[in-house]
>>> print(open('coords-v2.csv').read())   # CSV, C-alpha atoms and all ligand atoms
chain,number,residue,atom,x,y,z
A,16,VAL,CA,8.6,208.0,-136.3
A,17,ILE,CA,4.9,207.8,-135.7
A,18,GLU,CA,3.4,204.7,-137.4
A,19,LEU,CA,-0.3,204.7,-138.1
A,20,LYS,CA,-2.2,201.4,-138.4
A,21,SER,CA,-4.8,200.8,-141.1
A,22,PRO,CA,-8.3,199.8,-139.9
A,23,THR,CA,-7.3,196.2,-140.7
A,24,GLU,CA,-4.2,196.4,-138.7
A,25,VAL,CA,-6.1,197.8,-135.7
A,26,GLN,CA,-8.4,194.8,-135.9
A,27,GLU,CA,-5.3,192.5,-136.1
A,28,MET,CA,-4.3,194.0,-132.7
A,29,ARG,CA,-7.5,192.9,-131.0
A,30,PRO,CA,-6.3,189.3,-130.1
A,31,VAL,CA,-3.1,190.5,-128.4
A,32,GLY,CA,-5.1,193.1,-126.5
A,33,ALA,CA,-7.6,190.5,-125.4
A,34,PHE,CA,-4.8,188.2,-124.3
A,35,VAL,CA,-3.0,190.9,-122.3
A,36,ALA,CA,-6.4,191.7,-120.6
A,37,SER,CA,-6.9,188.1,-119.8
A,38,VAL,CA,-3.5,187.8,-118.1
A,39,LEU,CA,-4.2,190.9,-116.0
A,40,THR,CA,-7.6,189.6,-115.0
A,41,ALA,CA,-6.0,186.3,-113.9
A,42,LEU,CA,-3.2,188.1,-112.0
A,43,LYS,CA,-5.8,190.3,-110.2
A,44,GLU,CA,-7.6,187.2,-109.1
A,45,LYS,CA,-4.5,185.5,-108.1
A,46,ALA,CA,-2.9,188.3,-106.1
A,47,ALA,CA,-3.6,187.8,-102.4
A,48,VAL,CA,-1.9,187.7,-99.0
A,49,GLY,CA,0.5,184.8,-99.0
A,50,VAL,CA,1.2,184.7,-102.7
A,51,ASN,CA,4.8,185.1,-103.8
A,52,LEU,CA,5.6,187.6,-106.6
A,53,LEU,CA,7.4,184.8,-108.4
A,54,GLU,CA,4.1,182.8,-108.5
A,55,LEU,CA,2.5,185.7,-110.2
A,56,ASP,CA,5.3,185.8,-112.8
A,57,ALA,CA,5.0,182.0,-113.3
A,58,LEU,CA,1.3,182.3,-113.9
A,59,ALA,CA,1.8,185.0,-116.6
A,60,HIS,CA,4.6,182.9,-118.1
A,61,LYS,CA,2.3,179.8,-118.3
A,62,MET,CA,-0.4,181.9,-120.0
A,63,ILE,CA,2.2,183.2,-122.5
A,64,ARG,CA,3.2,179.7,-123.4
A,65,ASP,CA,-0.3,178.4,-123.6
A,66,ALA,CA,-1.4,181.2,-125.9
A,67,GLY,CA,1.7,180.9,-128.2
A,68,ALA,CA,2.6,184.5,-127.3
A,69,THR,CA,6.0,186.0,-126.6
A,70,SER,CA,7.1,188.1,-123.6
A,71,CYS,CA,8.2,191.6,-124.3
A,72,TYR,CA,10.0,191.8,-121.0
A,73,ILE,CA,12.1,188.7,-120.5
A,74,ASP,CA,14.9,189.7,-122.9
A,75,TYR,CA,14.4,193.4,-122.5
A,76,HIS,CA,17.7,195.1,-122.1
A,77,PRO,CA,17.6,198.9,-122.7
A,78,SER,CA,20.7,201.1,-122.1
A,79,PHE,CA,19.5,201.9,-118.5
A,80,GLY,CA,19.0,198.3,-117.6
A,81,ALA,CA,21.7,196.4,-115.7
A,82,SER,CA,21.1,193.2,-117.5
A,83,PRO,CA,18.2,191.5,-119.4
A,84,PHE,CA,15.0,191.7,-117.3
A,85,GLY,CA,14.6,188.0,-117.1
A,86,LYS,CA,10.9,188.0,-116.0
A,87,VAL,CA,7.6,188.4,-118.0
A,88,LEU,CA,5.9,190.7,-115.6
A,89,CYS,CA,6.5,193.9,-113.6
A,90,THR,CA,5.4,193.6,-110.0
A,91,SER,CA,5.8,196.9,-108.1
A,92,VAL,CA,4.9,196.7,-104.4
A,93,ASN,CA,4.1,199.6,-102.0
A,94,ASP,CA,6.8,202.3,-102.5
A,95,ALA,CA,7.8,200.7,-105.8
A,96,VAL,CA,5.6,202.0,-108.6
A,97,LEU,CA,7.1,201.1,-112.0
A,98,HIS,CA,9.3,198.4,-113.5
A,99,GLY,CA,9.2,196.2,-110.4
A,100,LEU,CA,11.4,193.2,-110.9
A,101,PRO,CA,9.6,190.1,-109.5
A,102,PHE,CA,11.6,188.6,-106.6
A,103,ASP,CA,11.1,186.1,-103.8
A,104,TYR,CA,8.6,188.1,-101.8
A,105,VAL,CA,5.3,186.9,-100.2
A,106,LEU,CA,2.5,189.5,-100.3
A,107,GLN,CA,1.6,190.8,-96.9
A,108,ASP,CA,-1.8,192.1,-95.5
A,109,GLY,CA,-2.3,195.6,-96.9
A,110,ASP,CA,0.3,195.5,-99.7
A,111,LEU,CA,-0.4,197.7,-102.7
A,112,ILE,CA,0.8,195.9,-105.9
A,113,SER,CA,0.9,197.2,-109.4
A,114,VAL,CA,1.3,194.7,-112.2
A,115,ASP,CA,2.4,195.8,-115.7
A,116,PHE,CA,2.3,193.3,-118.5
A,117,ALA,CA,3.1,193.4,-122.2
A,118,ALA,CA,3.2,190.6,-124.7
A,119,GLU,CA,3.4,189.9,-128.4
A,120,LEU,CA,1.0,187.7,-130.3
A,121,ASN,CA,0.8,187.3,-134.1
A,122,GLY,CA,3.4,190.0,-134.5
A,123,TRP,CA,1.5,192.7,-132.5
A,124,VAL,CA,2.1,194.0,-129.0
A,125,ALA,CA,-0.3,195.2,-126.3
A,126,ASP,CA,0.6,196.7,-122.9
A,127,SER,CA,-1.6,197.2,-119.8
A,128,ALA,CA,-1.3,197.6,-116.1
A,129,LEU,CA,-3.4,197.7,-112.9
A,130,SER,CA,-3.0,198.3,-109.2
A,131,VAL,CA,-4.7,196.4,-106.4
A,132,VAL,CA,-4.5,196.1,-102.6
A,133,VAL,CA,-4.3,192.6,-101.1
A,134,GLY,CA,-5.9,192.1,-97.7
A,135,THR,CA,-7.0,195.1,-95.6
A,136,PRO,CA,-6.6,198.3,-97.6
A,137,ARG,CA,-5.4,201.7,-96.4
A,138,PRO,CA,-7.9,204.4,-97.5
A,139,GLU,CA,-5.0,206.5,-99.0
A,140,ASP,CA,-3.9,203.5,-101.1
A,141,LEU,CA,-7.4,203.0,-102.5
A,142,ARG,CA,-7.5,206.8,-103.2
A,143,VAL,CA,-4.3,206.8,-105.3
A,144,ILE,CA,-5.4,203.7,-107.2
A,145,GLU,CA,-8.7,205.4,-107.9
A,146,ALA,CA,-6.9,208.5,-109.1
A,147,THR,CA,-4.9,206.6,-111.7
A,148,GLU,CA,-8.0,204.9,-112.9
A,149,VAL,CA,-10.0,208.1,-113.2
A,150,ALA,CA,-7.0,209.7,-115.0
A,151,LEU,CA,-6.7,206.8,-117.4
A,152,LYS,CA,-10.4,207.2,-118.2
A,153,ALA,CA,-9.9,210.9,-118.8
A,154,GLY,CA,-6.8,210.4,-120.9
A,155,ILE,CA,-8.6,207.8,-123.1
A,156,GLU,CA,-11.6,210.1,-123.5
A,157,ALA,CA,-9.3,212.8,-124.8
A,158,ALA,CA,-7.8,210.4,-127.4
A,159,VAL,CA,-10.1,211.5,-130.2
A,160,VAL,CA,-9.4,212.5,-133.8
A,161,GLY,CA,-8.6,216.2,-133.9
A,162,ASN,CA,-7.3,216.5,-130.4
A,163,LYS,CA,-3.5,216.6,-129.7
A,164,ILE,CA,-1.2,214.6,-127.6
A,165,GLY,CA,-1.1,217.5,-125.1
A,166,ASP,CA,-4.9,217.1,-124.6
A,167,ILE,CA,-4.3,213.6,-123.3
A,168,SER,CA,-1.5,214.8,-121.0
A,169,TRP,CA,-3.6,217.7,-119.8
A,170,ALA,CA,-6.6,215.5,-119.0
A,171,ILE,CA,-4.4,213.1,-117.0
A,172,GLY,CA,-2.6,215.9,-115.1
A,173,GLU,CA,-5.9,217.6,-114.3
A,174,VAL,CA,-7.1,214.5,-112.4
A,175,ALA,CA,-3.8,214.3,-110.5
A,176,HIS,CA,-4.0,217.9,-109.5
A,177,GLN,CA,-7.6,217.5,-108.4
A,178,TYR,CA,-6.5,214.7,-106.1
A,179,GLY,CA,-3.6,216.7,-104.9
A,180,TYR,CA,-0.8,214.6,-106.4
A,181,LEU,CA,2.4,215.7,-108.0
A,182,VAL,CA,3.1,214.3,-111.5
A,183,ASN,CA,6.4,212.9,-112.7
A,184,THR,CA,6.7,213.4,-116.5
A,185,ASP,CA,9.8,211.3,-117.0
A,186,PHE,CA,7.9,208.1,-117.6
A,187,GLY,CA,4.5,208.0,-119.4
A,188,GLY,CA,2.6,206.7,-122.3
A,189,HIS,CA,4.0,205.6,-125.7
A,190,GLY,CA,3.3,204.3,-129.1
A,191,VAL,CA,2.6,200.6,-129.3
A,192,GLY,CA,2.5,198.3,-132.4
A,193,ARG,CA,5.1,195.8,-133.7
A,194,THR,CA,7.2,196.7,-130.6
A,195,MET,CA,6.4,197.7,-127.1
A,196,HIS,CA,7.7,201.2,-127.1
A,197,GLY,CA,7.5,203.7,-129.9
A,198,ASP,CA,6.8,207.4,-130.5
A,199,PRO,CA,5.1,209.5,-129.4
A,200,HIS,CA,5.8,209.9,-125.7
A,201,ILE,CA,2.7,210.9,-123.8
A,202,ALA,CA,3.6,212.7,-120.6
A,203,ASN,CA,1.2,212.4,-117.7
A,204,ASP,CA,0.8,216.2,-117.4
A,205,GLY,CA,1.1,218.9,-120.0
A,206,ARG,CA,-0.6,221.7,-121.9
A,207,ALA,CA,-3.8,221.2,-123.8
A,208,GLY,CA,-3.6,221.9,-127.5
A,209,ARG,CA,0.1,221.1,-127.9
A,210,GLY,CA,1.9,218.4,-129.7
A,211,LEU,CA,1.1,215.9,-132.4
A,212,LYS,CA,-2.4,215.9,-133.8
A,213,LEU,CA,-4.2,212.6,-133.1
A,214,LYS,CA,-5.1,210.7,-136.3
A,215,PRO,CA,-7.1,207.5,-136.9
A,216,GLY,CA,-4.8,204.5,-136.6
A,217,LEU,CA,-2.6,205.9,-133.8
A,218,VAL,CA,-2.2,203.1,-131.3
A,219,ILE,CA,-0.8,204.2,-127.9
A,220,ALA,CA,-0.5,203.0,-124.3
A,221,ILE,CA,-1.8,205.6,-121.9
A,222,GLU,CA,-0.5,205.0,-118.4
A,223,PRO,CA,-1.0,207.4,-115.5
A,224,TRP,CA,1.0,206.6,-112.4
A,225,PHE,CA,1.0,208.7,-109.2
A,226,LEU,CA,2.8,208.7,-105.9
A,227,ILE,CA,0.9,209.8,-102.7
A,228,SER,CA,3.3,212.5,-101.6
A,229,THR,CA,6.2,213.0,-104.1
A,230,ASP,CA,7.1,213.0,-107.8
A,231,GLU,CA,10.6,211.8,-107.2
A,232,ILE,CA,11.8,208.3,-107.8
A,233,TYR,CA,15.0,206.4,-107.6
A,234,THR,CA,16.2,203.0,-108.9
A,235,ASP,CA,16.4,200.1,-106.5
A,236,PRO,CA,19.7,198.3,-106.3
A,237,ASP,CA,18.1,195.5,-108.4
A,238,GLY,CA,18.7,197.9,-111.4
A,239,TRP,CA,15.1,198.0,-112.5
A,240,THR,CA,12.5,198.7,-109.8
A,241,LEU,CA,11.6,202.4,-109.5
A,242,ARG,CA,10.7,203.5,-105.9
A,243,SER,CA,9.4,206.7,-104.5
A,244,ALA,CA,12.0,209.0,-102.9
A,245,ASP,CA,9.9,209.5,-99.7
A,246,LYS,CA,8.7,205.9,-99.4
A,247,SER,CA,5.1,206.9,-100.1
A,248,ARG,CA,3.1,204.4,-102.1
A,249,GLY,CA,2.0,204.7,-105.7
A,250,ALA,CA,-0.4,203.2,-108.2
A,251,HIS,CA,-0.4,202.7,-112.0
A,252,SER,CA,-3.2,202.1,-114.5
A,253,GLU,CA,-2.6,201.5,-118.2
A,254,HIS,CA,-4.4,200.5,-121.4
A,255,THR,CA,-3.4,200.2,-125.0
A,256,ILE,CA,-5.9,202.1,-127.2
A,257,ALA,CA,-6.4,202.9,-130.8
A,258,VAL,CA,-7.6,206.2,-132.0
A,259,THR,CA,-10.4,205.6,-134.5
A,260,PRO,CA,-12.9,207.7,-136.4
A,261,LYS,CA,-15.6,206.3,-134.0
A,262,GLY,CA,-13.5,207.3,-130.9
A,263,PRO,CA,-11.0,205.5,-128.8
A,264,LEU,CA,-11.0,201.7,-128.9
A,265,ILE,CA,-9.6,200.1,-125.7
A,266,LEU,CA,-7.7,197.1,-127.0
A,267,THR,CA,-6.8,195.8,-123.5
A,268,ALA,CA,-10.3,196.3,-122.0
A,269,ARG,CA,-11.1,193.8,-119.3
A,270,ASP,CA,-14.7,192.5,-118.8
B,301,MG,MG,3.0,198.7,-119.5
>>> encode(input="coords-v2.csv", output="structure tokens")
Amino acid sequence: VIELKSPTEVQEMRPVGAFVASVLTALKEKAAVGVNLLELDALAHKMIRDAGATSCYIDYHPSFGASPFGKVLCTSVNDAVLHGLPFDYVLQDGDLISVDFAAELNGWVADSALSVVVGTPRPEDLRVIEATEVALKAGIEAAVVGNKIGDISWAIGEVAHQYGYLVNTDFGGHGVGRTMHGDPHIANDGRAGRGLKLKPGLVIAIEPWFLISTDEIYTDPDGWTLRSADKSRGAHSEHTIAVTPKGPLILTARD
């Protein structure tokens, strides 16, 4: 089921979008060599409490999950790229960390992610981060009334191919609204002109993620964290956006 939001409802989603953006900004500032992943989770948890928001992750228990997630943040480091379960780990010089955060405020959800290197970066890590950011921008620019879902997928995939990365289409973008995950699925590669027509009021998370030298992933023994099959590093960039008559509105835009 694809739910479209009224213009009023899209406006009602702005506060949660701004809140999620503020948490990611704070996490980006906090992430540094010597910081524990559990400290990042604690910071996000405190911001949730202070805002009167609700975590979308802490009780999350889908069929593939070993048990409820138990944390409010995904922290994926180096060869981990998605769904990283925060654990007792201190960030080291040159680590590439992706943080993914979703929360609910006033009955609406927003979802966003970013990747950053702490300490001295490897050029290839900065390159894969850049690729996901460029792909996210391209995907958002394709999210206009009259286009189709496939146009977003194609735009993202084109950037990946230009950078020489493979694309895994198992995990991608999704509808967002009263809950974190809804229809439609938005693969990070695909054929232009295919799929659902984009209409005003469609609110979706667009989330390109690429690995440097593979498109294969496996699940860590923790039951959640997804790691690259060849140990290469990956990056992830995500925004929640609304399709509007005036063009895409980035609800989770950071200053
Ligand atoms: Mg997310």
>>> closest_atom_pairs(input="coords-v2.csv", of="chain A", to="ligand MG 301 (chain B)", cutoff="9 Å", atoms="all atoms listed in the file", output="CSV")
residue,atom,partner,partner_atom,distance
A:Cys89,CA,B:MG301,MG,8.4
A:Leu97,CA,B:MG301,MG,8.9
A:His98,CA,B:MG301,MG,8.7
A:Val114,CA,B:MG301,MG,8.5
A:Asp115,CA,B:MG301,MG,4.8
A:Phe116,CA,B:MG301,MG,5.5
A:Ala117,CA,B:MG301,MG,5.9
A:Ala125,CA,B:MG301,MG,8.3
A:Asp126,CA,B:MG301,MG,4.6
A:Ser127,CA,B:MG301,MG,4.8
A:Ala128,CA,B:MG301,MG,5.6
A:Gly188,CA,B:MG301,MG,8.5
A:Met195,CA,B:MG301,MG,8.4
A:Ala220,CA,B:MG301,MG,7.3
A:Ile221,CA,B:MG301,MG,8.7
A:Glu222,CA,B:MG301,MG,7.3
A:Ser252,CA,B:MG301,MG,8.7
A:Glu253,CA,B:MG301,MG,6.4
A:His254,CA,B:MG301,MG,7.8
A:Thr255,CA,B:MG301,MG,8.6
>>> closest_residue(input="coords-v2.csv", among="A:Val48, A:Leu217, A:Ala250, A:Val132", to="Ala150 of chain A", atoms="all atoms listed in the file")
A:Ala250
>>> residues_around(input="coords-v2.csv", residues="Leu181 of chain A", least_positions_apart="6", cutoff="9 Å", atoms="all atoms listed in the file", output="CSV table (one decimal) with C-alpha atoms, in the coordinates of the input")
chain,number,residue,atom,x,y,z
A,172,GLY,CA,-2.6,215.9,-115.1
A,175,ALA,CA,-3.8,214.3,-110.5
A,225,PHE,CA,1.0,208.7,-109.2
A,226,LEU,CA,2.8,208.7,-105.9
A,227,ILE,CA,0.9,209.8,-102.7
A,228,SER,CA,3.3,212.5,-101.6
A,229,THR,CA,6.2,213.0,-104.1
A,230,ASP,CA,7.1,213.0,-107.8
>>> residues_around(input="coords-v2.csv", residues="Asp74 of chain A", least_positions_apart="3", cutoff="12 Å", atoms="only C-alpha atoms", output="list in words")
Thr69, Ser70, Cys71, Pro77, Gly80, Ala81, Ser82, Pro83, Phe84, Gly85, Lys86, Val87, Leu88 and Ala118 of chain A
>>> closest_residue(input="coords-v2.csv", among="A:Met62, A:His176, A:Ile144, A:Asp204", to="Ala36 of chain A", atoms="all atoms listed in the file")
A:Met62
>>> closest_residue(input="coords-v2.csv", among="A:Val218, A:Val182, A:Ala57, A:Leu213", to="Gln26 of chain A", atoms="all atoms listed in the file")
A:Val218
>>> residues_near_point(input="coords-v2.csv", point="(-10.1, 208.4, -127.6)", cutoff="8 Å", atoms="all atoms listed in the file", output="list in words")
Gly154, Ile155, Glu156, Ala157, Ala158, Val159, Val160, Ile256, Ala257, Val258, Thr259, Gly262, Pro263 and Leu264 of chain A
>>> atom_distance(input="coords-v2.csv", atom1="atom CA of Arg269 of chain A", atom2="atom CA of Asp65 of chain A")
19.3 Å
>>> closest_residue(input="coords-v2.csv", among="A:Val131, A:Ile73, A:Val191, A:Leu241", to="Val25 of chain A", atoms="only C-alpha atoms")
A:Val191
>>> closest_residue(input="coords-v2.csv", among="A:Gly67, A:Val31, A:Val16, A:Arg248", to="His200 of chain A", atoms="all atoms listed in the file")
A:Val16
>>> closest_residue(input="coords-v2.csv", among="A:Arg137, A:Lys152, A:His196, A:Arg209", to="Asn93 of chain A", atoms="only C-alpha atoms")
A:Arg137
>>> build_atoms(input="coords-v2.csv", residues="segment 91-108 of chain A", atoms="N, CA and C atoms", output="tab-separated table (two decimals), keeping the file's coordinate frame")
chain	number	residue	atom	x	y	z
A	91	SER	N	5.29	195.77	-108.86
A	91	SER	CA	5.80	196.90	-108.10
A	91	SER	C	4.95	196.98	-106.79
A	92	VAL	N	5.59	196.80	-105.63
A	92	VAL	CA	4.90	196.70	-104.40
A	92	VAL	C	5.15	197.91	-103.48
A	93	ASN	N	4.09	198.52	-102.97
A	93	ASN	CA	4.10	199.60	-102.00
A	93	ASN	C	4.91	200.83	-102.52
A	94	ASP	N	6.12	201.11	-102.02
A	94	ASP	CA	6.80	202.30	-102.50
A	94	ASP	C	7.46	202.09	-103.87
A	95	ALA	N	7.39	200.89	-104.39
A	95	ALA	CA	7.80	200.70	-105.80
A	95	ALA	C	6.56	200.96	-106.66
A	96	VAL	N	6.77	201.59	-107.80
A	96	VAL	CA	5.60	202.00	-108.60
A	96	VAL	C	5.72	201.56	-110.06
A	97	LEU	N	6.93	201.48	-110.59
A	97	LEU	CA	7.10	201.10	-112.00
A	97	LEU	C	8.27	200.11	-112.09
A	98	HIS	N	8.22	199.27	-113.14
A	98	HIS	CA	9.30	198.40	-113.50
A	98	HIS	C	9.78	197.44	-112.45
A	99	GLY	N	8.88	197.11	-111.52
A	99	GLY	CA	9.20	196.20	-110.40
A	99	GLY	C	9.68	194.86	-110.88
A	100	LEU	N	10.90	194.49	-110.58
A	100	LEU	CA	11.40	193.20	-110.90
A	100	LEU	C	10.90	192.14	-109.94
A	101	PRO	N	10.12	191.15	-110.40
A	101	PRO	CA	9.60	190.10	-109.50
A	101	PRO	C	10.77	189.46	-108.71
A	102	PHE	N	10.60	189.29	-107.40
A	102	PHE	CA	11.60	188.60	-106.60
A	102	PHE	C	10.92	187.75	-105.57
A	103	ASP	N	11.69	187.04	-104.78
A	103	ASP	CA	11.10	186.10	-103.80
A	103	ASP	C	10.53	186.88	-102.64
A	104	TYR	N	9.28	187.30	-102.80
A	104	TYR	CA	8.60	188.10	-101.80
A	104	TYR	C	7.15	187.63	-101.68
A	105	VAL	N	6.71	187.37	-100.47
A	105	VAL	CA	5.30	186.90	-100.20
A	105	VAL	C	4.49	188.15	-99.84
A	106	LEU	N	3.39	188.36	-100.56
A	106	LEU	CA	2.50	189.50	-100.30
A	106	LEU	C	1.96	189.49	-98.90
A	107	GLN	N	2.01	190.65	-98.25
A	107	GLN	CA	1.60	190.80	-96.90
A	107	GLN	C	0.22	191.57	-96.83
A	108	ASP	N	-0.47	191.46	-95.72
A	108	ASP	CA	-1.80	192.10	-95.50
A	108	ASP	C	-1.59	193.64	-95.77
